[in-house]
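Data block for structure-v3.txt (compact mmCIF, C-alpha atoms):
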# COMPACT_ATOMS: atom_id res chain seq x y z
CA MET A 1 10.72 -27.86 -9.18
CA LYS A 2 10.39 -27.68 -5.40
CA LEU A 3 10.78 -25.06 -2.69
CA ILE A 4 13.75 -26.01 -0.56
CA ARG A 5 14.84 -22.92 1.39
CA TYR A 6 13.62 -19.61 2.79
CA GLU A 7 15.32 -16.64 4.43
CA LEU A 8 13.90 -13.53 6.07
CA PHE A 9 15.66 -10.16 6.24
CA LYS A 10 14.51 -7.31 8.49
CA VAL A 11 16.03 -4.25 6.82
CA PRO A 12 15.85 -0.50 7.39
CA PRO A 13 13.85 1.60 7.35
CA ARG A 14 10.96 -0.69 8.44
CA TRP A 15 10.68 -3.58 5.98
CA LEU A 16 10.85 -7.37 5.99
CA PHE A 17 11.99 -9.23 2.87
CA LEU A 18 11.44 -12.92 2.13
CA ARG A 19 13.74 -14.95 -0.13
CA LEU A 20 12.40 -18.27 -1.44
CA GLU A 21 14.69 -20.67 -3.31
CA THR A 22 13.89 -23.72 -5.45
CA ASP A 23 15.89 -26.90 -6.02
CA ASP A 24 16.83 -25.70 -9.51
CA GLY A 25 18.26 -22.43 -8.24
CA LEU A 26 15.43 -19.98 -8.95
CA VAL A 27 14.94 -17.28 -6.32
CA GLY A 28 11.78 -15.32 -5.60
CA TRP A 29 11.40 -12.26 -3.37
CA GLY A 30 8.41 -11.11 -1.35
CA GLU A 31 7.66 -8.43 1.22
CA PRO A 32 5.64 -9.89 4.11
CA VAL A 33 5.38 -7.16 6.73
CA VAL A 34 3.02 -5.22 8.92
CA GLU A 35 4.44 -1.81 9.69
CA GLY A 36 5.50 -1.88 13.34
CA ARG A 37 4.96 -5.65 13.66
CA ALA A 38 7.78 -7.03 11.51
CA ASP A 39 8.93 -9.58 14.09
CA THR A 40 5.40 -10.92 14.51
CA VAL A 41 5.00 -11.43 10.75
CA ARG A 42 8.46 -12.98 10.62
CA ALA A 43 7.39 -15.58 13.19
CA CYS A 44 4.24 -16.23 11.18
CA VAL A 45 6.19 -16.90 7.96
CA GLU A 46 8.43 -19.29 9.88
CA GLU A 47 5.37 -21.08 11.22
CA LEU A 48 3.89 -21.36 7.70
CA TRP A 49 7.04 -22.83 6.11
CA PRO A 50 5.83 -26.45 6.54
CA TYR A 51 2.96 -25.62 4.15
CA LEU A 52 5.58 -24.64 1.56
CA GLU A 53 8.56 -26.94 1.95
CA ASN A 54 8.98 -29.30 -1.02
CA SER A 55 5.91 -27.80 -2.74
CA ASP A 56 5.89 -26.94 -6.44
CA PRO A 57 6.03 -23.10 -6.43
CA ALA A 58 3.97 -23.02 -9.63
CA ASP A 59 0.88 -24.17 -7.69
CA ILE A 60 0.21 -20.68 -6.35
CA GLU A 61 -3.56 -20.99 -5.94
CA ASP A 62 -3.29 -24.32 -4.14
CA ILE A 63 -0.57 -23.03 -1.81
CA TRP A 64 -2.67 -19.91 -1.08
CA GLN A 65 -5.74 -22.00 -0.29
CA ARG A 66 -3.68 -24.41 1.78
CA ILE A 67 -2.23 -21.64 3.94
CA TYR A 68 -5.41 -19.59 4.23
CA ARG A 69 -7.85 -22.43 4.81
CA GLY A 70 -5.42 -24.73 6.58
CA GLY A 71 -5.90 -22.75 9.77
CA PHE A 72 -9.24 -22.73 11.56
CA TYR A 73 -8.73 -19.00 12.35
CA ARG A 74 -8.28 -16.93 9.23
CA GLY A 75 -7.62 -13.41 8.10
CA GLY A 76 -6.28 -10.42 9.97
CA PRO A 77 -3.16 -8.38 9.31
CA ILE A 78 -0.53 -10.85 10.52
CA LEU A 79 -1.70 -14.01 8.78
CA THR A 80 -2.60 -12.33 5.50
CA SER A 81 0.57 -10.24 5.43
CA ALA A 82 2.69 -13.37 5.86
CA LEU A 83 0.62 -15.03 3.13
CA SER A 84 0.94 -11.95 0.91
CA GLY A 85 4.73 -11.91 0.99
CA ILE A 86 4.89 -15.64 0.32
CA GLU A 87 2.52 -15.27 -2.63
CA GLN A 88 4.57 -12.41 -4.09
CA ALA A 89 7.71 -14.55 -3.97
CA LEU A 90 5.91 -17.45 -5.66
CA TRP A 91 4.84 -15.19 -8.54
CA ASP A 92 8.39 -13.86 -8.78
CA ILE A 93 9.64 -17.43 -9.24
CA LYS A 94 6.94 -18.26 -11.75
CA GLY A 95 7.60 -15.19 -13.89
CA LYS A 96 11.32 -15.94 -13.89
CA LYS A 97 10.61 -19.57 -14.83
CA PHE A 98 8.70 -18.48 -17.94
CA GLY A 99 10.85 -15.42 -18.64
CA VAL A 100 8.04 -12.83 -18.46
CA PRO A 101 6.77 -10.16 -16.05
CA VAL A 102 4.06 -11.45 -13.74
CA TYR A 103 1.34 -9.34 -15.37
CA GLN A 104 1.80 -11.34 -18.57
CA LEU A 105 0.65 -14.39 -16.60
CA MET A 106 -2.44 -12.53 -15.34
CA GLY A 107 -3.98 -11.62 -18.67
CA GLY A 108 -1.38 -9.22 -20.02
CA ARG A 109 -1.08 -5.48 -19.78
CA CYS A 110 -3.91 -3.02 -20.35
CA ARG A 111 -1.73 0.12 -20.14
CA ASP A 112 1.82 1.32 -20.78
CA ARG A 113 2.43 3.13 -17.47
CA ILE A 114 0.66 4.16 -14.27
CA GLN A 115 0.44 7.55 -12.60
CA VAL A 116 2.01 7.80 -9.14
CA TYR A 117 1.75 10.24 -6.29
CA ASN A 118 4.30 11.41 -3.74
CA TRP A 119 3.76 12.03 -0.05
CA ILE A 120 4.24 15.49 1.43
CA GLY A 121 4.04 16.89 4.94
CA GLY A 122 4.90 13.97 7.20
CA ASP A 123 2.91 12.58 10.11
CA ARG A 124 2.21 16.07 11.41
CA PRO A 125 1.68 17.97 8.16
CA ASP A 126 3.80 21.08 7.86
CA ASP A 127 5.22 23.29 5.10
CA VAL A 128 3.08 21.44 2.56
CA GLY A 129 2.80 24.34 0.13
CA ALA A 130 6.57 24.46 -0.46
CA GLU A 131 6.75 20.67 -0.65
CA ALA A 132 3.96 20.56 -3.21
CA LYS A 133 5.83 23.05 -5.38
CA ARG A 134 8.94 20.89 -5.23
CA GLN A 135 6.98 17.82 -6.34
CA VAL A 136 5.49 19.75 -9.26
CA GLU A 137 8.97 20.89 -10.26
CA ARG A 138 10.08 17.23 -10.21
CA GLY A 139 7.30 16.38 -12.64
CA PHE A 140 4.76 14.80 -10.29
CA ARG A 141 1.13 15.64 -10.96
CA ALA A 142 -0.37 14.21 -7.76
CA VAL A 143 0.47 14.36 -4.06
CA LYS A 144 -1.01 13.04 -0.83
CA MET A 145 -0.79 14.45 2.67
CA ASN A 146 -2.13 13.73 6.11
CA ALA A 147 -5.01 16.04 6.95
CA THR A 148 -4.66 16.49 10.68
CA GLU A 149 -2.70 15.81 13.80
CA GLU A 150 -4.67 14.37 16.73
CA LEU A 151 -8.40 15.04 16.50
CA HIS A 152 -10.77 14.18 19.34
CA TYR A 153 -14.32 12.88 18.86
CA ILE A 154 -15.42 16.51 19.06
CA ASP A 155 -12.67 19.08 18.70
CA SER A 156 -11.91 22.74 18.12
CA HIS A 157 -12.82 24.34 14.81
CA HIS A 158 -9.36 25.89 14.99
CA LYS A 159 -7.99 22.48 13.94
CA VAL A 160 -10.41 22.40 11.01
CA ASP A 161 -9.21 25.84 9.95
CA ALA A 162 -5.61 24.62 10.11
CA VAL A 163 -6.46 21.76 7.73
CA LEU A 164 -8.07 24.19 5.30
CA GLU A 165 -5.05 26.49 5.41
CA ARG A 166 -2.69 23.64 4.57
CA VAL A 167 -4.83 22.34 1.72
CA ALA A 168 -5.19 25.88 0.37
CA ALA A 169 -1.39 26.19 0.33
CA VAL A 170 -1.08 22.96 -1.66
CA ARG A 171 -3.80 24.02 -4.10
CA ALA A 172 -1.98 27.35 -4.57
CA ALA A 173 1.15 25.46 -5.64
CA ASP A 174 -0.59 24.28 -8.83
CA SER A 175 -4.22 24.64 -9.84
CA ASP A 176 -4.14 21.31 -11.73
CA LEU A 177 -2.40 19.28 -9.03
CA MET A 178 -4.30 16.16 -7.95
CA ILE A 179 -4.49 16.20 -4.14
CA GLY A 180 -5.27 13.27 -1.88
CA ILE A 181 -6.06 14.01 1.75
CA ASP A 182 -5.49 11.13 4.16
CA PHE A 183 -7.59 11.32 7.32
CA HIS A 184 -5.64 8.19 8.41
CA GLY A 185 -8.51 7.02 10.59
CA ARG A 186 -7.61 9.87 12.97
CA VAL A 187 -10.94 11.57 12.49
CA HIS A 188 -14.18 10.47 14.10
CA LYS A 189 -17.59 10.78 12.49
CA ALA A 190 -18.66 14.18 13.77
CA MET A 191 -15.45 15.96 12.81
CA ALA A 192 -15.25 14.08 9.50
CA LYS A 193 -18.68 15.47 8.57
CA THR A 194 -17.38 18.98 9.14
CA LEU A 195 -14.13 18.42 7.28
CA VAL A 196 -15.58 16.88 4.12
CA ARG A 197 -18.04 19.76 3.83
CA GLU A 198 -15.32 22.40 4.28
CA LEU A 199 -12.94 20.67 1.85
CA GLU A 200 -15.40 20.59 -1.07
CA PRO A 201 -14.12 23.80 -2.75
CA PHE A 202 -10.59 22.38 -3.20
CA HIS A 203 -11.66 19.76 -5.79
CA LEU A 204 -9.69 16.94 -4.19
CA MET A 205 -8.62 13.70 -5.85
CA PHE A 206 -9.97 11.84 -2.81
CA VAL A 207 -10.25 11.78 0.96
CA GLU A 208 -8.72 8.61 2.37
CA GLU A 209 -9.96 6.72 5.43
CA PRO A 210 -12.22 9.61 6.47
CA VAL A 211 -13.22 7.33 9.35
CA LEU A 212 -11.93 3.93 10.42
CA SER A 213 -12.81 1.31 7.84
CA GLU A 214 -14.84 -0.74 10.32
CA ASN A 215 -17.34 2.12 10.67
CA LEU A 216 -19.38 1.41 7.53
CA GLU A 217 -22.40 3.31 8.84
CA ALA A 218 -20.25 6.44 9.20
CA LEU A 219 -18.91 6.01 5.65
CA ARG A 220 -22.53 5.85 4.48
CA ASP A 221 -23.33 9.16 6.16
CA LEU A 222 -20.23 10.84 4.73
CA ALA A 223 -20.96 9.56 1.23
CA HIS A 224 -24.30 11.37 1.38
CA LEU A 225 -22.64 14.62 2.47
CA THR A 226 -19.90 15.10 -0.13
CA THR A 227 -19.04 14.82 -3.79
CA ILE A 228 -15.35 14.27 -2.97
CA PRO A 229 -14.37 10.69 -3.91
CA ILE A 230 -13.97 8.54 -0.81
CA ALA A 231 -11.07 6.04 -0.62
CA THR A 232 -10.43 3.29 1.90
CA GLY A 233 -9.21 -0.28 2.20
CA GLU A 234 -5.60 -0.37 3.37
CA ARG A 235 -6.74 -2.09 6.60
CA LEU A 236 -8.94 -4.68 4.91
CA TYR A 237 -7.75 -8.19 4.14
CA THR A 238 -8.86 -10.59 1.38
CA ARG A 239 -11.95 -10.39 -0.78
CA TRP A 240 -14.17 -11.31 2.16
CA ASP A 241 -13.31 -8.07 4.01
CA PHE A 242 -13.94 -6.05 0.85
CA LYS A 243 -17.22 -7.77 -0.04
CA GLU A 244 -19.55 -5.76 2.21
CA LEU A 245 -17.73 -2.49 1.53
CA LEU A 246 -18.21 -2.92 -2.21
CA HIS A 247 -21.78 -4.11 -1.88
CA GLN A 248 -22.83 -1.09 0.18
CA GLY A 249 -21.40 1.32 -2.39
CA TYR A 250 -20.17 3.96 0.06
CA VAL A 251 -16.70 4.33 -1.48
CA ASP A 252 -15.37 5.38 -4.86
CA ILE A 253 -11.79 4.07 -4.59
CA ILE A 254 -10.44 0.98 -2.85
CA GLN A 255 -6.85 0.75 -1.67
CA PRO A 256 -5.88 -2.87 -1.04
CA ASP A 257 -2.30 -3.36 0.11
CA LEU A 258 -0.55 -6.18 -1.77
CA SER A 259 1.62 -6.91 1.28
CA HIS A 260 -1.42 -7.17 3.57
CA ALA A 261 -4.54 -8.18 1.64
CA GLY A 262 -3.43 -11.56 0.30
CA GLY A 263 -0.92 -10.84 -2.47
CA LEU A 264 -1.08 -10.25 -6.21
CA LEU A 265 -3.80 -12.63 -7.32
CA GLU A 266 -6.02 -11.97 -4.32
CA CYS A 267 -5.83 -8.23 -4.97
CA ARG A 268 -6.52 -8.85 -8.66
CA LYS A 269 -9.69 -10.66 -7.59
CA ILE A 270 -10.61 -7.77 -5.28
CA ALA A 271 -10.02 -5.29 -8.11
CA ALA A 272 -12.27 -7.31 -10.42
CA MET A 273 -15.00 -7.24 -7.78
CA ALA A 274 -14.61 -3.47 -7.56
CA GLU A 275 -14.75 -3.09 -11.33
CA ALA A 276 -18.18 -4.73 -11.31
CA TYR A 277 -19.33 -1.95 -8.94
CA ASP A 278 -17.68 0.83 -11.04
CA ILE A 279 -15.16 1.49 -8.26
CA ALA A 280 -11.55 2.54 -8.91
CA VAL A 281 -8.39 0.96 -7.47
CA ALA A 282 -5.37 2.79 -6.05
CA PRO A 283 -3.18 0.20 -4.29
CA HIS A 284 -1.78 1.18 -0.91
CA CYS A 285 2.03 0.98 -0.84
CA PRO A 286 4.13 3.03 1.61
CA LEU A 287 6.54 0.07 1.73
CA GLY A 288 9.62 -1.19 -0.10
CA PRO A 289 10.64 -2.08 -3.65
CA ILE A 290 9.23 -5.62 -3.70
CA ALA A 291 5.81 -4.42 -2.57
CA LEU A 292 5.87 -1.65 -5.17
CA ALA A 293 6.94 -4.04 -7.93
CA SER A 294 4.01 -6.27 -6.98
CA CYS A 295 1.66 -3.29 -7.20
CA LEU A 296 2.94 -2.28 -10.62
CA ASN A 297 2.27 -5.77 -11.94
CA LEU A 298 -1.28 -5.51 -10.61
CA ASP A 299 -1.71 -2.04 -12.10
CA ALA A 300 -0.46 -3.28 -15.46
CA CYS A 301 -3.34 -5.74 -15.91
CA THR A 302 -6.11 -3.98 -13.94
CA PRO A 303 -8.34 -1.64 -15.98
CA ASN A 304 -9.81 0.21 -12.98
CA ALA A 305 -6.41 1.02 -11.41
CA PHE A 306 -5.81 4.74 -11.86
CA ILE A 307 -2.93 5.80 -9.59
CA GLN A 308 -0.24 4.18 -7.47
CA GLU A 309 1.13 5.09 -4.06
CA GLN A 310 4.89 4.70 -3.64
CA SER A 311 7.37 5.48 -0.89
CA LEU A 312 10.19 7.33 -2.66
CA GLY A 313 11.22 10.04 -0.20
CA ILE A 314 8.38 9.30 2.23
CA HIS A 315 8.92 10.54 5.78
CA TYR A 316 9.17 6.98 7.13
CA ASN A 317 12.21 6.15 4.98
CA VAL A 318 15.01 7.13 7.34
CA GLY A 319 18.37 5.45 6.77
CA ASN A 320 17.39 3.72 3.53
CA ASP A 321 14.97 4.56 0.74
CA LEU A 322 13.02 2.78 -1.96
CA LEU A 323 15.79 2.39 -4.55
CA ASP A 324 18.63 1.37 -2.22
CA TYR A 325 17.97 -2.37 -2.43
CA LEU A 326 17.85 -2.57 -6.23
CA GLN A 327 20.74 -3.61 -8.44
CA ASP A 328 19.46 -1.09 -10.98
CA PRO A 329 17.40 1.90 -9.74
CA ALA A 330 16.12 2.27 -13.31
CA ASP A 331 13.80 -0.67 -12.60
CA PHE A 332 11.48 2.13 -11.44
CA THR A 333 11.62 4.76 -14.17
CA TYR A 334 9.69 7.92 -13.32
CA ALA A 335 8.71 10.52 -15.94
CA ASP A 336 5.98 13.18 -16.05
CA GLY A 337 4.39 11.85 -12.88
CA TYR A 338 4.17 8.28 -14.18
CA VAL A 339 6.21 5.13 -13.64
CA ASN A 340 6.84 2.61 -16.40
CA LEU A 341 5.68 -0.97 -16.11
CA PRO A 342 8.19 -3.68 -15.11
CA VAL A 343 10.07 -5.33 -17.94
CA ARG A 344 12.24 -7.89 -16.13
CA PRO A 345 10.85 -11.41 -15.63
CA GLY A 346 9.01 -12.06 -12.39
CA LEU A 347 8.09 -9.05 -10.28
CA GLY A 348 10.43 -6.97 -12.42
CA VAL A 349 13.10 -5.89 -9.95
CA ALA A 350 16.60 -7.26 -9.46
CA ILE A 351 17.26 -7.23 -5.72
CA ASN A 352 20.76 -6.36 -4.52
CA GLU A 353 21.20 -9.34 -2.25
CA ASP A 354 24.53 -8.15 -0.87
CA MET A 355 22.91 -4.91 0.25
CA VAL A 356 19.97 -6.79 1.77
CA ARG A 357 22.27 -9.03 3.80
CA GLN A 358 24.43 -6.10 4.87
CA ARG A 359 21.49 -3.98 6.05
CA ALA A 360 19.81 -6.95 7.72
CA GLU A 361 22.78 -6.93 10.10
CA VAL A 362 21.57 -3.48 11.15
CA GLY A 363 17.86 -4.34 11.13
CA HIS A 364 15.26 -2.02 12.60
CA SER A 365 12.80 -1.73 15.47
CA TRP A 366 10.31 0.64 13.85
CA LYS A 367 7.09 1.23 15.76
CA ASN A 368 4.38 3.75 15.02
CA PRO A 369 4.03 6.44 17.69
CA VAL A 370 1.38 6.40 20.39
CA TRP A 371 -0.37 9.75 20.37
CA ARG A 372 -2.47 11.26 23.13
CA HIS A 373 -5.03 14.04 23.29
CA GLU A 374 -4.60 17.01 25.59
CA ASP A 375 -6.74 15.20 28.19
CA GLY A 376 -4.32 12.26 28.23
CA SER A 377 -6.53 9.79 26.37
CA VAL A 378 -5.05 7.74 23.53
CA ALA A 379 -5.54 9.27 20.06
CA GLU A 380 -5.62 7.52 16.69
CA TRP A 381 -2.32 7.76 14.84
Target format structure tokens, applied to this file:
Amino acid sequence: MKLIRYELFKVPPRWLFLRLETDDGLVGWGEPVVEGRADTVRACVEELWPYLENSDPADIEDIWQRIYRGGFYRGGPILTSALSGIEQALWDIKGKKFGVPVYQLMGGRCRDRIQVYNWIGGDRPDDVGAEAKRQVERGFRAVKMNATEELHYIDSHHKVDAVLERVAAVRAADSDLMIGIDFHGRVHKAMAKTLVRELEPFHLMFVEEPVLSENLEALRDLAHLTTIPIATGERLYTRWDFKELLHQGYVDIIQPDLSHAGGLLECRKIAAMAEAYDIAVAPHCPLGPIALASCLNLDACTPNAFIQEQSLGIHYNVGNDLLDYLQDPADFTYADGYVNLPVRPGLGVAINEDMVRQRAEVGHSWKNPVWRHEDGSVAEW
């Protein structure tokens, strides 16, 4: 069996899909994309095709090593996202070849389902109390929201009060609701210290990216100030980026993105490293159905995975949503705040290729916004 053909599809709302085909007709799908840099990742996949052409798709580890180590310069969001989507598609082919979900090739399942959370509030969080109530009524037991809008290095306590009011409204929606608060790297050290202290009474599920992930010394200081679990990792790539974070022990939850951090097996290795440090895993996934299917296969065989992000109804999904590209939306079956594990061979989703080709004619040009503070300086988004 050899890889003979690839195609890339840039589809709304902001995704890039990869289709790999073998000489015996098997097809695997992956999702190699960096949000806002889809064309750059597309060019990278095209450049990497010579490493793949005529290769046996079953040799996933060798192909991964060949791509990753074949370049003198390694890592970073573009290269590892291209590699991630390729790796996902290879696993999809391999699972289909043997007629089993991918997690059965990675040790087998250790659970029957995984809890998920839904996003509320949008980029500039608003009306979160009512949204939280709607999610509870739909059966979800966990939500996540952005904490703030722009926040300067030192800023008004009025903005801190606004965060507390929003979180209080979400807590009022349901006393048992698990609440994740995403600082999104928008908050600098001084203001993060204030926020984590003030948020303690709300018994949060976690605070995410309380500071930018490169600021390990700031994470250390925050870890000493709060009992709220600290989550980070969506902007880290491969086990080598995660190594120092895990060793220092400043976080409680890591959030590798299977479309950015190196793919299924690489994230399984990262999760195993985290397990040795008694750290939980909650894969980052505000992306499309192939990325989510990859995450669910990881969750299935990863003991320290405890909850899964997913993009159903997320504020970014304008024009198309998570289920639109599936032949059968029941591939993701939600009940009581959980989603069932994949049952189809491969990644577990049957992609509606006609829909993919149709929407690729429309494409997208999604870019994240550039925010500015009141003084005109650029703010973190």
Give me, as JSON lines, each residue of segment 312-362 of chain A that comes within 9 Å of segment 100-113 of chain A, together with its shortest interatomic pair and the distance in Å at one decimal, counting only C-alpha atoms, with rows ordered by chain and rising residue number.
{"residue": "A:Tyr338", "atom": "CA", "partner": "A:Arg113", "partner_atom": "CA", "distance": 6.4}
{"residue": "A:Val339", "atom": "CA", "partner": "A:Arg113", "partner_atom": "CA", "distance": 5.7}
{"residue": "A:Asn340", "atom": "CA", "partner": "A:Arg113", "partner_atom": "CA", "distance": 4.6}
{"residue": "A:Leu341", "atom": "CA", "partner": "A:Arg113", "partner_atom": "CA", "distance": 5.4}
{"residue": "A:Pro342", "atom": "CA", "partner": "A:Pro101", "partner_atom": "CA", "distance": 6.7}
{"residue": "A:Val343", "atom": "CA", "partner": "A:Pro101", "partner_atom": "CA", "distance": 6.1}
{"residue": "A:Arg344", "atom": "CA", "partner": "A:Pro101", "partner_atom": "CA", "distance": 5.9}
{"residue": "A:Pro345", "atom": "CA", "partner": "A:Val100", "partner_atom": "CA", "distance": 4.2}
{"residue": "A:Gly346", "atom": "CA", "partner": "A:Pro101", "partner_atom": "CA", "distance": 4.7}
{"residue": "A:Leu347", "atom": "CA", "partner": "A:Val102", "partner_atom": "CA", "distance": 5.8}
{"residue": "A:Gly348", "atom": "CA", "partner": "A:Pro101", "partner_atom": "CA", "distance": 6.1}
List the spatial neighbours of Arg197 of chain A as a list in words - criterion: any atom at most 10 Å away, only C-alpha atoms, same-chain residues fewer than 3 positions off excluded.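 In the requested format, the answer is Ala192, Lys193, Thr194, Glu200, Pro201, Leu222, Leu225, Thr226, Thr227 and Ile228 of chain A.
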Output the selection as a short mmCIF file (atom, residue, chain, number, x, y, z; two decimals), keeping the file's coordinate frame - C-alpha atoms for each residue.
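Wrote out.cif, looks like this:
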data_model
loop_
_atom_site.label_atom_id
_atom_site.label_comp_id
_atom_site.auth_asym_id
_atom_site.auth_seq_id
_atom_site.Cartn_x
_atom_site.Cartn_y
_atom_site.Cartn_z
CA ALA A 192 -15.25 14.08 9.50
CA LYS A 193 -18.68 15.47 8.57
CA THR A 194 -17.38 18.98 9.14
CA GLU A 200 -15.40 20.59 -1.07
CA PRO A 201 -14.12 23.80 -2.75
CA LEU A 222 -20.23 10.84 4.73
CA LEU A 225 -22.64 14.62 2.47
CA THR A 226 -19.90 15.10 -0.13
CA THR A 227 -19.04 14.82 -3.79
CA ILE A 228 -15.35 14.27 -2.97
#
Length of the atom CA of Gly363 of chain A to atom CA of Arg14 of chain A vector [Å]: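 Distance reported for this atom pair: 8.3 Å.
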Determine, counting only C-alpha atoms, which protein, DNA and RNA residues have an atom within 10 Å of an atom of Ala223 of chain A; residues of the same chain fewer than 4 positions away are not included. Present the result as a ChimeraX atom specification. /A:193,196,217-219,227-230,249-252
Quick one: of A:Thr148, A:Thr238, A:Gln88, A:Glu214, who's nearest to Leu298 of chain A, counting only C-alpha atoms?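 Using only C-alpha atoms, Leu298 of chain A sits closest to A:Gln88.
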For Pro77 of chain A, which residue among A:Thr232, A:Asn352, A:Ser259, A:Ser156 is the nearest when counting all atoms listed in the file?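 With all atoms listed in the file as the atom set, the closest residue is A:Ser259.
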Which residues come within 10 Å of Val34 of chain A, counting all atoms listed in the file, excluding same-chain residues fewer than 3 positions away, as an MDAnalysis selection string? chainID A and resid 14:16 31 37:42 77:82 259:260 287
From the options A:Leu90, A:Val136, A:Val11, A:Met1, which residue's atoms come nearest to Asp336 of chain A, counting only C-alpha atoms? A:Val136
In Å, with one decimal, what is the gap from atom CA of Tyr334 of chain A to atom CA of Ile351 of chain A?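 Answer for the atom CA of Tyr334 of chain A to atom CA of Ile351 of chain A separation: 18.6 Å.
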Please work out which residues fall within 7 Å of (9.7, -13.6, -0.9), coordinates as given in the file, with all atoms listed in the file counting, and return them as a PyMOL selection string. chain A and resi 17-20+28-31+85-86+88-89
One decimal, in Å: what's the spacing between atom CA of Glu150 of chain A and atom CA of Glu208 of chain A?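 Computed distance, atom CA of Glu150 of chain A to atom CA of Glu208 of chain A, equals 16.0 Å.
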Among the residues A:Ala271, A:Ala190, A:Leu265, A:Ala350, the one that comes closest to Pro289 of chain A [using all atoms listed in the file]: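 The shortest atom-to-atom distance to Pro289 of chain A comes from A:Ala350.
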Quick one: residues within 12 Å of Asn320 of chain A, all atoms listed in the file, excluding same-chain residues fewer than 3 positions away - as a list of chain:residue names?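 Residues near the query, excluding close chain neighbours: A:Val11, A:Pro12, A:Pro13, A:Arg14, A:Trp15, A:Leu287, A:Gly288, A:Pro289, A:Ser311, A:Leu312, A:Gly313, A:Ile314, A:His315, A:Tyr316, A:Asn317, A:Leu323, A:Asp324, A:Tyr325, A:Leu326, A:Met355, A:Val356, A:Arg359, A:Ala360, A:Val362, A:Gly363, A:His364.
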Using all atoms listed in the file, the residue out of A:Leu322, A:Ala300, A:Ala172, A:Ile307 with shortest distance to His284 of chain A is A:Ile307
